[in-house]
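The structure file entry_20.csv is reproduced below (CSV, C-alpha atoms).
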```csv
chain,number,residue,atom,x,y,z
I,32,MET,CA,9.8,9.1,18.7
I,33,PRO,CA,10.3,10.8,15.3
I,34,LEU,CA,10.8,8.5,12.4
I,35,ARG,CA,14.5,8.5,11.4
I,36,SER,CA,16.5,8.2,8.3
I,37,TYR,CA,20.2,8.4,7.5
I,38,ASP,CA,22.0,9.8,4.4
I,39,GLY,CA,25.1,8.4,2.8
I,40,GLY,CA,27.2,10.0,5.6
I,41,MET,CA,25.1,8.6,8.3
I,42,GLN,CA,23.7,12.0,9.3
I,43,ARG,CA,20.5,11.5,11.1
I,44,ARG,CA,17.4,13.0,9.6
I,45,THR,CA,14.0,13.0,11.4
I,46,LEU,CA,10.4,13.8,10.6
I,47,PRO,CA,9.0,16.6,12.8
I,48,PRO,CA,6.8,15.4,15.6
I,49,ALA,CA,3.7,17.0,14.0
I,50,ILE,CA,4.1,14.7,11.0
I,51,VAL,CA,4.6,11.6,13.2
I,52,TRP,CA,1.5,12.5,15.2
I,53,ALA,CA,-0.5,12.9,12.0
I,54,PHE,CA,-0.3,9.2,11.6
I,55,VAL,CA,-2.0,8.5,14.9
I,56,PRO,CA,-5.7,8.8,13.7
I,57,TYR,CA,-4.9,6.5,10.8
I,58,ALA,CA,-3.3,3.9,13.1
I,59,ALA,CA,-6.1,4.1,15.6
I,60,VAL,CA,-8.9,3.7,13.0
I,61,SER,CA,-6.9,0.9,11.2
I,62,ALA,CA,-6.8,-1.0,14.5
I,63,LEU,CA,-10.4,-0.4,15.1
I,64,HIS,CA,-11.4,-1.5,11.6
I,65,VAL,CA,-9.5,-4.8,11.9
I,66,VAL,CA,-11.1,-5.5,15.3
I,67,LEU,CA,-14.6,-4.7,13.9
I,68,LEU,CA,-13.9,-7.1,11.0
I,69,ALA,CA,-12.9,-9.8,13.4
I,70,LEU,CA,-16.2,-9.3,15.3
I,71,ASP,CA,-18.1,-9.1,12.0
I,72,HIS,CA,-19.6,-5.8,13.1
I,73,ASP,CA,-21.7,-3.5,10.9
I,74,LEU,CA,-19.3,-0.6,11.5
I,75,ALA,CA,-16.5,-2.3,9.7
I,76,ALA,CA,-17.6,-1.0,6.3
I,77,PRO,CA,-17.8,2.7,7.2
I,78,THR,CA,-14.5,2.6,9.0
I,79,LYS,CA,-12.9,1.2,5.9
I,80,LEU,CA,-13.8,4.3,4.0
I,81,LEU,CA,-12.1,6.5,6.6
I,82,LEU,CA,-8.7,4.8,6.2
I,83,MET,CA,-7.2,6.4,3.1
I,84,PRO,CA,-8.5,9.9,3.9
I,85,LEU,CA,-6.8,9.7,7.3
I,86,LEU,CA,-3.6,8.6,5.6
I,87,VAL,CA,-3.8,11.7,3.5
I,88,VAL,CA,-3.4,13.8,6.7
I,89,PRO,CA,0.4,13.2,7.2
I,90,VAL,CA,1.0,13.8,3.5
I,91,LEU,CA,-0.7,17.2,3.7
I,92,VAL,CA,1.1,18.0,7.0
I,93,ALA,CA,4.4,17.2,5.4
I,94,ALA,CA,3.6,18.7,1.9
I,95,ARG,CA,5.7,21.9,2.4
I,96,ARG,CA,8.7,19.9,3.6
I,97,ILE,CA,8.9,17.4,0.7
I,98,HIS,CA,10.6,17.9,-2.6
I,99,PRO,CA,9.9,17.8,-5.5
I,100,PRO,CA,6.2,18.8,-5.2
I,101,VAL,CA,5.2,16.1,-7.8
I,102,THR,CA,6.0,13.4,-5.2
I,103,ALA,CA,3.3,14.7,-2.9
I,104,ALA,CA,0.9,14.6,-5.9
I,105,LEU,CA,1.8,11.0,-6.6
I,106,LEU,CA,1.2,10.0,-3.0
I,107,LEU,CA,-2.2,11.7,-3.0
I,108,VAL,CA,-3.1,10.1,-6.4
I,109,ALA,CA,-2.1,6.7,-5.0
I,110,LEU,CA,-4.2,7.2,-1.9
I,111,LEU,CA,-7.2,8.5,-3.9
I,112,PHE,CA,-7.3,5.5,-6.2
I,113,SER,CA,-6.7,3.2,-3.2
I,114,TRP,CA,-9.7,4.8,-1.5
I,115,LEU,CA,-11.8,4.3,-4.6
I,116,GLY,CA,-10.7,0.7,-4.7
I,117,ASP,CA,-11.6,0.3,-1.0
I,118,GLY,CA,-15.1,1.7,-1.6
I,119,ALA,CA,-15.8,0.4,-5.1
I,120,GLY,CA,-18.9,-1.5,-4.0
I,121,ALA,CA,-20.3,1.2,-1.8
I,122,LEU,CA,-19.4,4.2,-4.1
I,123,PHE,CA,-20.5,2.6,-7.4
I,124,PRO,CA,-23.2,0.1,-6.5
I,125,ALA,CA,-24.4,-0.2,-10.1
I,126,ALA,CA,-21.0,-1.3,-11.4
I,127,PRO,CA,-19.4,-4.7,-11.1
I,128,GLU,CA,-17.3,-4.4,-7.9
I,129,LEU,CA,-14.3,-6.7,-8.6
I,130,PRO,CA,-13.3,-5.3,-12.0
I,131,LEU,CA,-13.7,-1.8,-10.7
I,132,MET,CA,-11.7,-2.5,-7.7
I,133,LEU,CA,-8.9,-4.0,-9.8
I,134,ALA,CA,-8.9,-1.0,-12.1
I,135,PHE,CA,-8.7,1.6,-9.2
I,136,PHE,CA,-6.0,-0.3,-7.3
I,137,GLY,CA,-4.1,-0.8,-10.6
I,138,LEU,CA,-4.0,3.0,-11.0
I,139,ALA,CA,-2.8,3.3,-7.4
I,140,HIS,CA,0.0,0.9,-8.1
I,141,ILE,CA,1.1,2.7,-11.2
I,142,ALA,CA,1.4,5.9,-9.2
I,143,TYR,CA,3.4,4.1,-6.6
I,144,ILE,CA,5.7,2.5,-9.2
I,145,ILE,CA,6.4,5.9,-10.8
I,146,LEU,CA,7.1,7.4,-7.3
I,147,PHE,CA,9.5,4.6,-6.3
I,148,ALA,CA,11.3,4.3,-9.6
I,149,ARG,CA,11.8,8.0,-10.3
I,150,HIS,CA,11.9,9.7,-6.9
I,151,LEU,CA,12.6,7.3,-4.1
I,152,ALA,CA,15.0,4.7,-5.4
I,153,ARG,CA,18.2,4.3,-3.4
I,154,ARG,CA,19.7,1.2,-5.0
I,155,ARG,CA,19.5,-1.2,-7.9
I,156,LEU,CA,16.8,-3.8,-7.9
I,157,PRO,CA,18.0,-6.4,-5.3
I,158,TRP,CA,18.5,-10.0,-6.7
I,159,TRP,CA,16.0,-11.4,-4.2
I,160,THR,CA,13.1,-9.5,-5.8
I,161,ALA,CA,13.0,-12.3,-8.3
I,162,ILE,CA,10.8,-14.0,-5.7
I,163,TYR,CA,8.1,-11.6,-6.8
I,164,ALA,CA,8.2,-13.0,-10.3
I,165,VAL,CA,7.9,-16.5,-8.9
I,166,TRP,CA,5.0,-15.2,-6.7
I,167,TRP,CA,3.2,-13.9,-9.8
I,168,LEU,CA,3.6,-17.2,-11.7
I,169,ALA,CA,2.5,-19.3,-8.7
I,170,MET,CA,-0.6,-17.1,-8.3
I,171,ILE,CA,-1.6,-17.5,-11.9
I,172,LEU,CA,-1.1,-21.2,-11.8
I,173,ALA,CA,-3.1,-21.5,-8.5
I,174,LEU,CA,-5.9,-19.1,-9.2
I,175,GLY,CA,-6.0,-18.8,-13.0
I,176,PRO,CA,-8.4,-21.7,-13.5
I,177,HIS,CA,-10.8,-20.1,-11.0
I,178,THR,CA,-10.9,-16.5,-12.3
I,179,GLY,CA,-13.0,-17.1,-15.3
I,180,PRO,CA,-13.3,-14.0,-17.6
I,181,LEU,CA,-11.2,-12.0,-15.1
I,182,LEU,CA,-8.1,-13.9,-15.9
I,183,VAL,CA,-6.4,-11.2,-18.0
I,184,GLY,CA,-7.4,-8.5,-15.6
I,185,VAL,CA,-6.2,-10.5,-12.6
I,186,ALA,CA,-2.9,-11.3,-14.3
I,187,LEU,CA,-2.2,-7.7,-15.2
I,188,TYR,CA,-3.1,-6.5,-11.7
I,189,GLY,CA,-0.8,-9.1,-10.3
I,190,LEU,CA,2.0,-7.8,-12.5
I,191,LEU,CA,1.4,-4.3,-11.1
I,192,LEU,CA,1.3,-5.6,-7.6
I,193,ALA,CA,4.5,-7.5,-8.0
I,194,GLY,CA,6.1,-4.5,-9.7
I,195,THR,CA,5.1,-2.3,-6.8
I,196,ALA,CA,6.7,-4.7,-4.3
I,197,ALA,CA,9.9,-5.0,-6.4
I,198,PHE,CA,10.4,-1.3,-7.0
I,199,ALA,CA,9.6,-0.7,-3.3
I,200,ALA,CA,12.6,-2.8,-2.5
I,201,ARG,CA,14.8,-0.2,-4.1
I,202,CYS,CA,13.6,2.4,-1.6
I,203,HIS,CA,13.7,3.1,2.2
I,204,PRO,CA,13.3,-0.1,4.3
I,205,LEU,CA,9.9,1.2,5.5
I,206,VAL,CA,8.7,1.5,1.9
I,207,ALA,CA,10.2,-2.0,1.0
I,208,THR,CA,8.4,-3.5,4.0
I,209,GLY,CA,5.2,-1.7,3.1
I,210,GLY,CA,5.3,-3.1,-0.4
I,211,ALA,CA,5.7,-6.6,0.9
I,212,PHE,CA,2.8,-6.2,3.3
I,213,PHE,CA,0.6,-4.8,0.4
I,214,LEU,CA,1.5,-7.9,-1.6
I,215,ALA,CA,0.7,-10.2,1.3
I,216,SER,CA,-2.7,-8.5,1.7
I,217,ASP,CA,-3.7,-8.9,-1.9
I,218,THR,CA,-2.5,-12.5,-1.9
I,219,ILE,CA,-4.8,-13.4,1.0
I,220,LEU,CA,-7.6,-11.4,-0.6
I,221,ALA,CA,-7.1,-13.2,-3.9
I,222,PHE,CA,-7.5,-16.6,-2.3
I,223,ARG,CA,-10.6,-15.4,-0.4
I,224,LEU,CA,-12.2,-14.2,-3.6
I,225,PHE,CA,-11.4,-17.1,-5.9
I,226,LEU,CA,-10.8,-20.0,-3.5
I,227,PRO,CA,-12.9,-19.0,-0.5
I,228,ASP,CA,-12.8,-22.5,1.0
I,229,ALA,CA,-9.0,-22.5,1.1
I,230,LEU,CA,-8.7,-20.0,4.0
I,231,PRO,CA,-10.2,-19.7,7.5
I,232,ALA,CA,-12.6,-17.0,8.6
I,233,TRP,CA,-9.9,-15.0,10.4
I,234,SER,CA,-8.2,-14.4,7.0
I,235,SER,CA,-10.7,-11.5,6.5
I,236,PRO,CA,-9.2,-9.3,9.2
I,237,ALA,CA,-5.7,-10.5,8.1
I,238,VAL,CA,-6.4,-8.9,4.7
I,239,MET,CA,-7.0,-5.5,6.2
I,240,LEU,CA,-4.3,-5.8,8.9
I,241,THR,CA,-1.6,-6.4,6.2
I,242,TYR,CA,-3.2,-3.8,3.9
I,243,THR,CA,-3.2,-1.0,6.5
I,244,LEU,CA,0.3,-1.8,7.6
I,245,GLY,CA,1.5,-1.8,4.0
I,246,GLN,CA,-0.1,1.5,3.1
I,247,GLY,CA,1.0,3.2,6.3
I,248,LEU,CA,4.6,2.0,6.0
I,249,ILE,CA,4.8,3.1,2.3
I,250,ILE,CA,3.6,6.6,3.2
I,251,ALA,CA,5.8,6.8,6.3
I,252,GLY,CA,8.9,5.6,4.4
I,253,ALA,CA,8.2,8.0,1.5
I,254,LEU,CA,7.9,11.0,3.8
I,255,VAL,CA,11.0,10.1,5.7
I,256,SER,CA,12.9,9.8,2.4
I,257,LEU,CA,11.5,13.0,0.9
I,258,GLN,CA,12.1,14.8,4.1
I,259,ARG,CA,15.7,13.7,4.0
I,260,ARG,CA,16.1,14.9,0.5
I,261,ALA,CA,14.6,18.2,1.2
I,262,ALA,CA,16.8,18.8,4.3
```
Take the structure in the file and write it out as structure tokens.
Amino acid sequence: MPLRSYDGGMQRRTLPPAIVWAFVPYAAVSALHVVLLALDHDLAAPTKLLLMPLLVVPVLVAARRIHPPVTAALLLVALLFSWLGDGAGALFPAAPELPLMLAFFGLAHIAYIILFARHLARRRLPWWTAIYAVWWLAMILALGPHTGPLLVGVALYGLLLAGTAAFAARCHPLVATGGAFFLASDTILAFRLFLPDALPAWSSPAVMLTYTLGQGLIIAGALVSLQRRAA
């Protein structure tokens, strides 16, 4: 069924079936990747590197239908830096993985924030997004003593992550939900990195389950919104 959106007059807008079907490879490989992680299979690593390129597919399919063109560029930039963050260890084996991952994902979040704030916002910042500020403070208090020299980098990245989730809340509900899932994914990942004994083994696939859901929902919601505006 086509993804739907409604404008202020409640007129239905839909994404063409070709764009909806373009998400299928991403959804399938995401599910496979999470299962492989749960099984601790060697193919989990290479399937991870397929995720963001597959999520580029619906953006490219929809590119002619979205407006303004800069929004497609911002989506592609966010996905590119997300892919580099996903593959930081494999793509740059000589570099320190965690700082590089934080830098790449930080750039992806900046692209998303610009997109949400300048092109996708539908409403003012909801009052309940104050919870994201509380989340940031709680994470610094809980993890700060365990981050060592990465404290400043982790704190700045946390601000970007909270900002992404907050600005996403101004957008289409799919984007808002995706931002929340992205936040959940990095929350679990942060505890796995800095307090590994605090979480069970199944939290590893949970990181990628929430991450793939978050990224997919953000892209789907953005394309629905941009399709609506172009119609």
Excluding Gly194 of chain I and residues on its chain fewer than 2 positions from it, collect all residues at most 9 Å away from it, counting all atoms listed in the file, and give them as a list in words. His140, Ile141, Ile144, Tyr163, Ala164, Gly189, Leu190, Leu191, Leu192, Ala196, Ala197, Phe198 and Ala199 of chain I
Per-residue nearest contacts segment 103-157 of chain I to segment 206-229 of chain I, cut-off 12 Å, using all atoms listed in the file, as a tab-separated table:
```
residue	atom	partner	partner_atom	distance
I:Ser113	CA	I:Phe213	CA	11.4
I:Glu128	CA	I:Leu224	CA	11.9
I:Leu129	CA	I:Leu224	CA	9.3
I:Met132	CA	I:Asp217	CA	11.8
I:Leu133	CA	I:Asp217	CA	10.7
I:Phe136	CA	I:Asp217	CA	10.4
I:Gly137	CA	I:Asp217	CA	11.9
I:Ala139	CA	I:Phe213	CA	11.7
I:His140	CA	I:Gly210	CA	10.2
I:Tyr143	CA	I:Gly210	CA	9.7
I:Ile144	CA	I:Gly210	CA	10.4
I:Leu146	CA	I:Val206	CA	11.0
I:Phe147	CA	I:Val206	CA	8.8
I:Leu151	CA	I:Val206	CA	9.2
I:Ala152	CA	I:Val206	CA	10.2
I:Arg153	CA	I:Ala207	CA	11.1
I:Arg154	CA	I:Ala207	CA	11.7
I:Leu156	CA	I:Ala207	CA	11.2
I:Pro157	CA	I:Ala207	CA	10.9
```
Take the residues that were just selected and, keeping C-alpha atoms, output them as a PDB file, in the frame of the given file.
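Done, and the output landed in again-v4.pdb:
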```pdb
ATOM      1  CA  SER I 113      -6.700   3.200  -3.200  1.00  0.00           C
ATOM      2  CA  GLU I 128     -17.300  -4.400  -7.900  1.00  0.00           C
ATOM      3  CA  LEU I 129     -14.300  -6.700  -8.600  1.00  0.00           C
ATOM      4  CA  MET I 132     -11.700  -2.500  -7.700  1.00  0.00           C
ATOM      5  CA  LEU I 133      -8.900  -4.000  -9.800  1.00  0.00           C
ATOM      6  CA  PHE I 136      -6.000  -0.300  -7.300  1.00  0.00           C
ATOM      7  CA  GLY I 137      -4.100  -0.800 -10.600  1.00  0.00           C
ATOM      8  CA  ALA I 139      -2.800   3.300  -7.400  1.00  0.00           C
ATOM      9  CA  HIS I 140       0.000   0.900  -8.100  1.00  0.00           C
ATOM     10  CA  TYR I 143       3.400   4.100  -6.600  1.00  0.00           C
ATOM     11  CA  ILE I 144       5.700   2.500  -9.200  1.00  0.00           C
ATOM     12  CA  LEU I 146       7.100   7.400  -7.300  1.00  0.00           C
ATOM     13  CA  PHE I 147       9.500   4.600  -6.300  1.00  0.00           C
ATOM     14  CA  LEU I 151      12.600   7.300  -4.100  1.00  0.00           C
ATOM     15  CA  ALA I 152      15.000   4.700  -5.400  1.00  0.00           C
ATOM     16  CA  ARG I 153      18.200   4.300  -3.400  1.00  0.00           C
ATOM     17  CA  ARG I 154      19.700   1.200  -5.000  1.00  0.00           C
ATOM     18  CA  LEU I 156      16.800  -3.800  -7.900  1.00  0.00           C
ATOM     19  CA  PRO I 157      18.000  -6.400  -5.300  1.00  0.00           C
TER      20      PRO I 157
END
```
So which residues touch Val185 of chain I within 9 Å, counting only C-alpha atoms, skipping near sequence neighbours fewer than 6 positions away, as a JSON list (two decimals) with C-alpha atoms, keeping the file's coordinate frame?
```json
[["chain", "number", "residue", "atom", "x", "y", "z"],
["I", 130, "PRO", "CA", -13.30, -5.30, -12.00],
["I", 133, "LEU", "CA", -8.90, -4.00, -9.80],
["I", 171, "ILE", "CA", -1.60, -17.50, -11.90],
["I", 175, "GLY", "CA", -6.00, -18.80, -13.00],
["I", 178, "THR", "CA", -10.90, -16.50, -12.30]]
```
Residue nearest Ala142 of chain I among I:Phe112, I:His72, I:Leu205, I:Phe123 (counting all atoms listed in the file):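 Ranking I:Phe112, I:His72, I:Leu205, I:Phe123 by distance to Ala142 of chain I, first place goes to I:Phe112.
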One decimal, Å: what's the distance from atom CA of Pro77 of chain I over to atom CA of Ala49 of chain I, could you say? 26.7 Å
One number please: atom CA of Leu230 of chain I to atom CA of Leu82 of chain I, in Å, one decimal.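 Atom CA of Leu230 of chain I sits 24.9 Å away from atom CA of Leu82 of chain I.
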For Trp233 of chain I, list every protein, DNA or RNA residue within 9 Å, evaluated using all atoms listed in the file, and leave out those in the same chain fewer than 3 positions away; present the list as a list in words.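 These residues fall inside the cut-off: Leu68, Ala69, Leu230, Pro236 and Ala237 of chain I.
One distance worth recording is that between atom CA of Ala186 of chain I and atom CA of Leu106 of chain I, which is 24.5 Å.
For the set I:Gly179, I:Gly247, I:Gly252, I:Gly120, the residue with the smallest atom-to-atom gap to Val60 of chain I is I:Gly247, counting only C-alpha atoms.
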Within 12 Å of Leu67 of chain I using all atoms listed in the file, minus same-chain residues under 4 positions, as a list in words: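 Once the adjacent positions are removed, what remains is Val60, Ser61, Ala62, Leu63, Asp71, His72, Asp73, Leu74, Ala75, Ala76, Pro77, Thr78, Lys79, Trp233, Ser235, Pro236, Met239 and Leu240 of chain I.
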Could the residues in this selection be written to a file with C-alpha atoms, as a short mmCIF file (atom, residue, chain, number, x, y, z; two decimals), in the frame of the given file?
```cif
data_model
loop_
_atom_site.label_atom_id
_atom_site.label_comp_id
_atom_site.auth_asym_id
_atom_site.auth_seq_id
_atom_site.Cartn_x
_atom_site.Cartn_y
_atom_site.Cartn_z
CA VAL I 60 -8.90 3.70 13.00
CA SER I 61 -6.90 0.90 11.20
CA ALA I 62 -6.80 -1.00 14.50
CA LEU I 63 -10.40 -0.40 15.10
CA ASP I 71 -18.10 -9.10 12.00
CA HIS I 72 -19.60 -5.80 13.10
CA ASP I 73 -21.70 -3.50 10.90
CA LEU I 74 -19.30 -0.60 11.50
CA ALA I 75 -16.50 -2.30 9.70
CA ALA I 76 -17.60 -1.00 6.30
CA PRO I 77 -17.80 2.70 7.20
CA THR I 78 -14.50 2.60 9.00
CA LYS I 79 -12.90 1.20 5.90
CA TRP I 233 -9.90 -15.00 10.40
CA SER I 235 -10.70 -11.50 6.50
CA PRO I 236 -9.20 -9.30 9.20
CA MET I 239 -7.00 -5.50 6.20
CA LEU I 240 -4.30 -5.80 8.90
#
```
Of the candidates I:Cys202, I:Leu107, I:Val92, I:Ala148, which shows the shortest atom-to-atom distance to Pro47 of chain I, using only C-alpha atoms?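 Ranking I:Cys202, I:Leu107, I:Val92, I:Ala148 by distance to Pro47 of chain I, first place goes to I:Val92.
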